[in-house]
Amino acid sequence: MASYPEHLQYSREHEWVDASSPAVVGVTSLAADALGDVVYLELPEVGAEVTAGTVVGEIESTKSVSELFSPVTGTVVEVNQAAIDDPAVVNADPFGEGWLFKVEVTALGELLDAKEYADLAE
Amino acid sequence: MNETPLDAEHRALGAAMTEFGGWLMPLRYTSDLAEHRAVREAAGLFDLSHMGEIHLEGPAAAAALDHALVGSAAGIAVGRAKYSMICAPDGSVLDDLIVYRLADQHFLVVANAGNAPLVARELVARAEGFDVVVTDRSAQTALIAVQGPAAEGIVTALVAKADADAVRALRYYASVQVTLHDGAPALVARTGYTGEDGFELFVANDDAVALWRAALAAGEEHGLVPAGLAARDSLRLEAGMPLYGHELDTTTTPYEAGLGRVVRLEKPEFVGREALAARAAAAPERVLVGLRGEGRRSARAGYDVVTPDGTRVGTVTSAAPSPTLGHPVAMAYVTPEASAEGTALAVDVRGRQEPFTVTALPFYRRQQA
């Protein structure tokens with residue numbers, strides 16, 4: 001059974017969010033592996049208001065495309081331009097260099113801890 | 001669901017598995033892109049044991065195939081192969097095939113996995129009255145492909161020393177019976193579905209694991225990696241090759257797909273001839289074209305193709321971000337008016353129009369050595 005970083009919280013749509021302010025959001029290794037090689041990211045724009053559990057962008061791989069959900073509600077303050085330029089980083093380091101965007105959080109969505117997410121992933 | 005004799009090998013290599021044509025097949029081992037690039041630059045190893053192998057043997061084998069298929073079997077020299085199709089009486093495509101002439105009175109028909117049972121049934125029915133025996137050996141036959149510029153060096157290392165020269169001398173779309181190092185017999189064909197030089201090796205199921213492991217070992221120094229169906233699909237798309245169920249199906253004739261050359265109307269009789277002759281003379285309602293994406297977002301099969309003013313002119317059949325070319329590519333059926341090279345079109349990608357330009361197929365052509 002796979003394990004996931006303990007310091008992160010997870011959505012059922014396979015995004016992660018950390019506890020910093022602004023909060024950093026990305027997709028999990030499980031999502032990245034399931035997608036295959038990520039080749040294109042469409043991320044929300046800086047300044048956009050995002051709502052937890054709603055679609056805020058898309059992640060495209062060689063074989064498929066999937067919607068990107070925000071795990072939190074708030075204002076987008078930064079997007080990862082390096083990941084937009086070279087989306088392979090999402091596969092290589094989904095919990096680190098492959099982060100997607102940062103949010104000034106006003107409310108959290110329904111989130112799981114690492115253990116609960118691992119159970120969901122089973 | 002069917003499993004190939006290499007199922008345990010795929011799992012041991014950590015492959016993500018997927019259903020395809022009724023078979024559980026490796027989708028990828030590590031990365032679609034890495035596997036794709038390995039085939040373009042070095043070599044990839046594919047399990048194609050899901051494909052169907054149907055043998056026709058007997059004095060009337062060529063005549064039976066000339067009745068059953070749209071191409072000319074009698075015109076294939078012994079040791080050579082031809083791309084062909086089996087059509088319904090209405091001219092629609094039941095499957096696209098490779099026909100190998102193994103001996104004067106012995107042909108091997110390789111069919112797509114999902115269609116193999118139908119093709120076998122049709123060949124049996126259409127061979128009625130001909131002095132020929134039709135045998136579906138799909139379930140007993142494994143097929144392993146080595147594809148890429150390094151393929152020749154790898155495959156020559158897999159066969160007995162006495163057969164290495166025969167492999168080297170093999171021309172494109174030709175085959176030869178060889179003995180592998182462990183004494184197992186194999187049919188080696190210089191064919192493929194990737195746009196690269198490459199070989200396909202037909203062996204008995206019991207010999208498949210040994211050949212697979214030998215190929216991985218012999219290929220290591222050449223940069224060979226196991227490659228899954230995801231890479232196979234993006235490779236064939238770049239090479240402009242049709243995939244049954246996408247560019248070809250029972251609503252399509254060979255002419256719309258730009259493959260009218262495989263239909264030999266000069267044959268006095270074959271199943272579908274009347275309909276295909278009429279079709280050959282008529283103006284096409286839709287044409288298969290290549291589309292080059294001008295942006296970064298890829299189209300997907302089933303998406304609408306539209307003109308810049310939004311008028312729908314066709315449907316995407318296959319699409320991917322091209323790993324080799326670095327931009328999206330697609331194949332699509334469009335109206336003849338929209339099919340000229342250079343025509344600016346768009347694809348409706350989930351509600352947003354992305355610009356695409358009609359481009360000659362194939363998207364990718366290897367440098368001839």
# chains A, B, ... in the order shown; residues from 1 in each chain; ligands from 1
>>> residues_around(residues="stretch 13-27 of chain B", least_positions_apart="5", cutoff="12 Å", atoms="only C-alpha atoms", output="PyMOL selection string")
(chain A and resi 33-36+62-63) or (chain B and resi 1-8+32+35+45-52+111-117+139+212-213+216+225-234+243-245)
>>> closest_atom_pairs(of="chain A", to="chain B", cutoff="10 Å", atoms="only C-alpha atoms", output="tab-separated table")
residue	atom	partner	partner_atom	distance
A:Asp33	CA	B:Ser31	CA	9.0
A:Ala34	CA	B:Ala16	CA	8.7
A:Gly36	CA	B:Ser31	CA	6.5
A:Asp37	CA	B:Ser31	CA	6.2
A:Val38	CA	B:Leu33	CA	9.5
A:Val39	CA	B:Pro321	CA	7.5
A:Tyr40	CA	B:Arg297	CA	6.9
A:Leu41	CA	B:Arg297	CA	8.9
A:Glu42	CA	B:Arg297	CA	9.2
A:Glu60	CA	B:Arg297	CA	8.0
A:Ser61	CA	B:Pro321	CA	8.2
A:Thr62	CA	B:Ala320	CA	6.0
A:Lys63	CA	B:Ala230	CA	6.8
A:Ser64	CA	B:Arg300	CA	8.2
A:Val65	CA	B:Arg300	CA	8.9
A:Ala88	CA	B:Leu33	CA	9.8
A:Asn91	CA	B:Ser31	CA	9.3
>>> residues_around(residues="stretch 88-103 of chain B", least_positions_apart="5", cutoff="7 Å", atoms="only C-alpha atoms", output="MDAnalysis selection string")
chainID B and resid 76:83 108:111 115 244 248:254 271:272 275:276
>>> atom_distance(atom1="atom CA of B:Gly153", atom2="atom CA of B:Tyr193")
18.9 Å
>>> residues_around(residues="B:Asn205", least_positions_apart="6", cutoff="7 Å", atoms="only C-alpha atoms", output="ChimeraX atom specification")
/B:5,140-142
>>> select_by_dssp(residues="stretch 239-295 of chain B", states="strand (DSSP E or B)", output="list in words")
Tyr244, Leu248, Val287, Leu288, Val289, Gly290, Leu291, Arg292 and Gly293 of chain B
>>> closest_residue(among="B:Asp182, B:Glu238, B:Glu9, B:Glu41", to="B:Gly223", atoms="only C-alpha atoms")
B:Glu41
>>> residues_around(residues="stretch 104-111 of chain A", least_positions_apart="4", cutoff="9 Å", atoms="only C-alpha atoms", output="list of chain:residue names")
A:Gln9, A:Tyr10, A:Ser11, A:Arg12, A:Trp16, A:Val17, A:Ser21, A:Pro22, A:Ala23, A:Thr51, A:Ala52, A:Gly53, A:Ser70, A:Pro71, A:Val72, A:Thr73, A:Gly74, A:Thr75, A:Val76, A:Val77, A:Tyr117
>>> residues_around(residues="B:Tyr255", least_positions_apart="3", cutoff="8 Å", atoms="only C-alpha atoms", output="number ranges by chain")
B: 258-260, 279-280, 284
>>> residues_around(residues="stretch 343-352 of chain B", least_positions_apart="5", cutoff="9 Å", atoms="only C-alpha atoms", output="list in words")
Leu291, Gly293, Arg297, Ser298, Ala299, Arg300, Tyr303, Asp304, Val305, Val306, Thr307, Pro308, Gly310, Val313, Thr315, Val316, Ala338, Thr357, Val358 and Thr359 of chain B
>>> select_by_dssp(residues="stretch 120-245 of chain B", states="alpha helix (DSSP H)", output="PyMOL selection string")
chain B and resi 120-126+151-158+161-169+208-219+229-238
>>> closest_residue(among="A:Glu122, A:Glu67, A:Glu45, A:Asp18", to="A:Gly96", atoms="only C-alpha atoms")
A:Asp18
>>> atom_distance(atom1="atom CA of B:Ala68", atom2="atom CA of B:Ala281")
21.8 Å
>>> decode(residues="stretch 31-68 of chain A", atoms="N, CA, C and O atoms", output="tab-separated table (two decimals), in the first residue's frame")
chain	number	residue	atom	x	y	z
A	31	ALA	N	-2.61	10.34	-8.74
A	31	ALA	CA	-3.23	10.97	-9.90
A	31	ALA	C	-2.23	11.09	-11.04
A	31	ALA	O	-2.54	10.82	-12.19
A	32	ALA	N	-1.01	11.50	-10.70
A	32	ALA	CA	0.01	11.68	-11.74
A	32	ALA	C	0.31	10.35	-12.43
A	32	ALA	O	0.43	10.29	-13.65
A	33	ASP	N	0.40	9.28	-11.66
A	33	ASP	CA	0.69	7.96	-12.26
A	33	ASP	C	-0.47	7.50	-13.13
A	33	ASP	O	-0.27	6.91	-14.18
A	34	ALA	N	-1.69	7.76	-12.66
A	34	ALA	CA	-2.86	7.31	-13.41
A	34	ALA	C	-2.99	8.06	-14.74
A	34	ALA	O	-3.41	7.51	-15.74
A	35	LEU	N	-2.60	9.32	-14.73
A	35	LEU	CA	-2.70	10.13	-15.95
A	35	LEU	C	-1.70	9.70	-17.00
A	35	LEU	O	-1.96	9.80	-18.19
A	36	GLY	N	-0.55	9.24	-16.58
A	36	GLY	CA	0.55	9.05	-17.53
A	36	GLY	C	1.30	10.37	-17.65
A	36	GLY	O	1.12	11.28	-16.82
A	37	ASP	N	2.11	10.50	-18.69
A	37	ASP	CA	2.96	11.68	-18.82
A	37	ASP	C	2.12	12.94	-19.02
A	37	ASP	O	1.42	13.08	-20.01
A	38	VAL	N	2.23	13.87	-18.08
A	38	VAL	CA	1.49	15.13	-18.20
A	38	VAL	C	2.19	16.00	-19.25
A	38	VAL	O	3.41	16.20	-19.20
A	39	VAL	N	1.42	16.49	-20.20
A	39	VAL	CA	2.01	17.29	-21.28
A	39	VAL	C	1.44	18.71	-21.34
A	39	VAL	O	1.97	19.56	-22.04
A	40	TYR	N	0.36	18.97	-20.64
A	40	TYR	CA	-0.24	20.30	-20.70
A	40	TYR	C	-1.04	20.56	-19.43
A	40	TYR	O	-1.78	19.71	-18.95
A	41	LEU	N	-0.86	21.76	-18.90
A	41	LEU	CA	-1.60	22.16	-17.70
A	41	LEU	C	-2.38	23.43	-18.01
A	41	LEU	O	-1.84	24.37	-18.59
A	42	GLU	N	-3.64	23.42	-17.63
A	42	GLU	CA	-4.39	24.67	-17.66
A	42	GLU	C	-4.74	24.99	-16.21
A	42	GLU	O	-5.52	24.28	-15.59
A	43	LEU	N	-4.12	26.06	-15.69
A	43	LEU	CA	-4.28	26.42	-14.29
A	43	LEU	C	-5.13	27.68	-14.16
A	43	LEU	O	-5.24	28.45	-15.11
A	44	PRO	N	-5.73	27.89	-13.00
A	44	PRO	CA	-6.49	29.13	-12.81
A	44	PRO	C	-5.55	30.33	-12.89
A	44	PRO	O	-4.34	30.21	-12.67
A	45	GLU	N	-6.09	31.48	-13.21
A	45	GLU	CA	-5.25	32.69	-13.30
A	45	GLU	C	-5.04	33.29	-11.92
A	45	GLU	O	-5.88	33.14	-11.03
A	46	VAL	N	-3.92	33.97	-11.78
A	46	VAL	CA	-3.66	34.69	-10.53
A	46	VAL	C	-4.78	35.71	-10.33
A	46	VAL	O	-5.14	36.43	-11.26
A	47	GLY	N	-5.33	35.74	-9.13
A	47	GLY	CA	-6.44	36.65	-8.85
A	47	GLY	C	-7.79	35.95	-8.91
A	47	GLY	O	-8.79	36.50	-8.44
A	48	ALA	N	-7.83	34.76	-9.50
A	48	ALA	CA	-9.11	34.04	-9.64
A	48	ALA	C	-9.60	33.58	-8.28
A	48	ALA	O	-8.81	33.19	-7.41
A	49	GLU	N	-10.90	33.67	-8.09
A	49	GLU	CA	-11.53	33.13	-6.88
A	49	GLU	C	-11.89	31.67	-7.16
A	49	GLU	O	-12.58	31.39	-8.14
A	50	VAL	N	-11.38	30.77	-6.34
A	50	VAL	CA	-11.70	29.35	-6.55
A	50	VAL	C	-12.50	28.83	-5.37
A	50	VAL	O	-12.38	29.32	-4.25
A	51	THR	N	-13.34	27.84	-5.68
A	51	THR	CA	-14.20	27.26	-4.66
A	51	THR	C	-13.86	25.79	-4.50
A	51	THR	O	-13.71	25.08	-5.51
A	52	ALA	N	-13.73	25.36	-3.26
A	52	ALA	CA	-13.37	23.97	-2.99
A	52	ALA	C	-14.35	23.02	-3.68
A	52	ALA	O	-15.57	23.24	-3.64
A	53	GLY	N	-13.81	22.00	-4.34
A	53	GLY	CA	-14.65	20.98	-4.96
A	53	GLY	C	-15.11	21.34	-6.36
A	53	GLY	O	-15.84	20.56	-6.98
A	54	THR	N	-14.69	22.51	-6.87
A	54	THR	CA	-15.10	22.87	-8.23
A	54	THR	C	-13.90	22.79	-9.18
A	54	THR	O	-12.76	22.83	-8.75
A	55	VAL	N	-14.24	22.70	-10.47
A	55	VAL	CA	-13.20	22.56	-11.49
A	55	VAL	C	-12.53	23.91	-11.71
A	55	VAL	O	-13.19	24.92	-11.93
A	56	VAL	N	-11.19	23.91	-11.65
A	56	VAL	CA	-10.46	25.16	-11.83
A	56	VAL	C	-9.46	25.09	-12.99
A	56	VAL	O	-8.80	26.07	-13.31
A	57	GLY	N	-9.35	23.92	-13.62
A	57	GLY	CA	-8.40	23.80	-14.72
A	57	GLY	C	-8.41	22.39	-15.25
A	57	GLY	O	-9.33	21.61	-14.94
A	58	GLU	N	-7.40	22.07	-16.06
A	58	GLU	CA	-7.32	20.70	-16.55
A	58	GLU	C	-5.88	20.25	-16.69
A	58	GLU	O	-4.96	21.05	-16.84
A	59	ILE	N	-5.73	18.95	-16.60
A	59	ILE	CA	-4.42	18.33	-16.71
A	59	ILE	C	-4.49	17.35	-17.86
A	59	ILE	O	-5.33	16.44	-17.86
A	60	GLU	N	-3.63	17.55	-18.84
A	60	GLU	CA	-3.68	16.71	-20.02
A	60	GLU	C	-2.43	15.85	-20.08
A	60	GLU	O	-1.32	16.33	-19.88
A	61	SER	N	-2.63	14.57	-20.36
A	61	SER	CA	-1.49	13.68	-20.53
A	61	SER	C	-1.51	13.16	-21.96
A	61	SER	O	-2.40	13.46	-22.74
A	62	THR	N	-0.50	12.35	-22.30
A	62	THR	CA	-0.45	11.81	-23.65
A	62	THR	C	-1.72	11.03	-23.96
A	62	THR	O	-2.17	11.02	-25.09
A	63	LYS	N	-2.29	10.37	-22.95
A	63	LYS	CA	-3.41	9.49	-23.22
A	63	LYS	C	-4.77	10.02	-22.80
A	63	LYS	O	-5.78	9.49	-23.20
A	64	SER	N	-4.78	11.03	-21.94
A	64	SER	CA	-6.10	11.43	-21.44
A	64	SER	C	-6.07	12.87	-20.94
A	64	SER	O	-5.03	13.50	-20.88
A	65	VAL	N	-7.24	13.33	-20.57
A	65	VAL	CA	-7.32	14.65	-19.98
A	65	VAL	C	-8.21	14.51	-18.75
A	65	VAL	O	-9.17	13.75	-18.74
A	66	SER	N	-7.86	15.22	-17.67
A	66	SER	CA	-8.74	15.17	-16.51
A	66	SER	C	-8.88	16.56	-15.93
A	66	SER	O	-8.05	17.44	-16.14
A	67	GLU	N	-9.97	16.75	-15.21
A	67	GLU	CA	-10.25	18.05	-14.64
A	67	GLU	C	-9.47	18.24	-13.36
A	67	GLU	O	-9.22	17.28	-12.63
A	68	LEU	N	-9.09	19.48	-13.14
A	68	LEU	CA	-8.38	19.83	-11.92
A	68	LEU	C	-9.36	20.54	-10.98
A	68	LEU	O	-9.98	21.52	-11.37
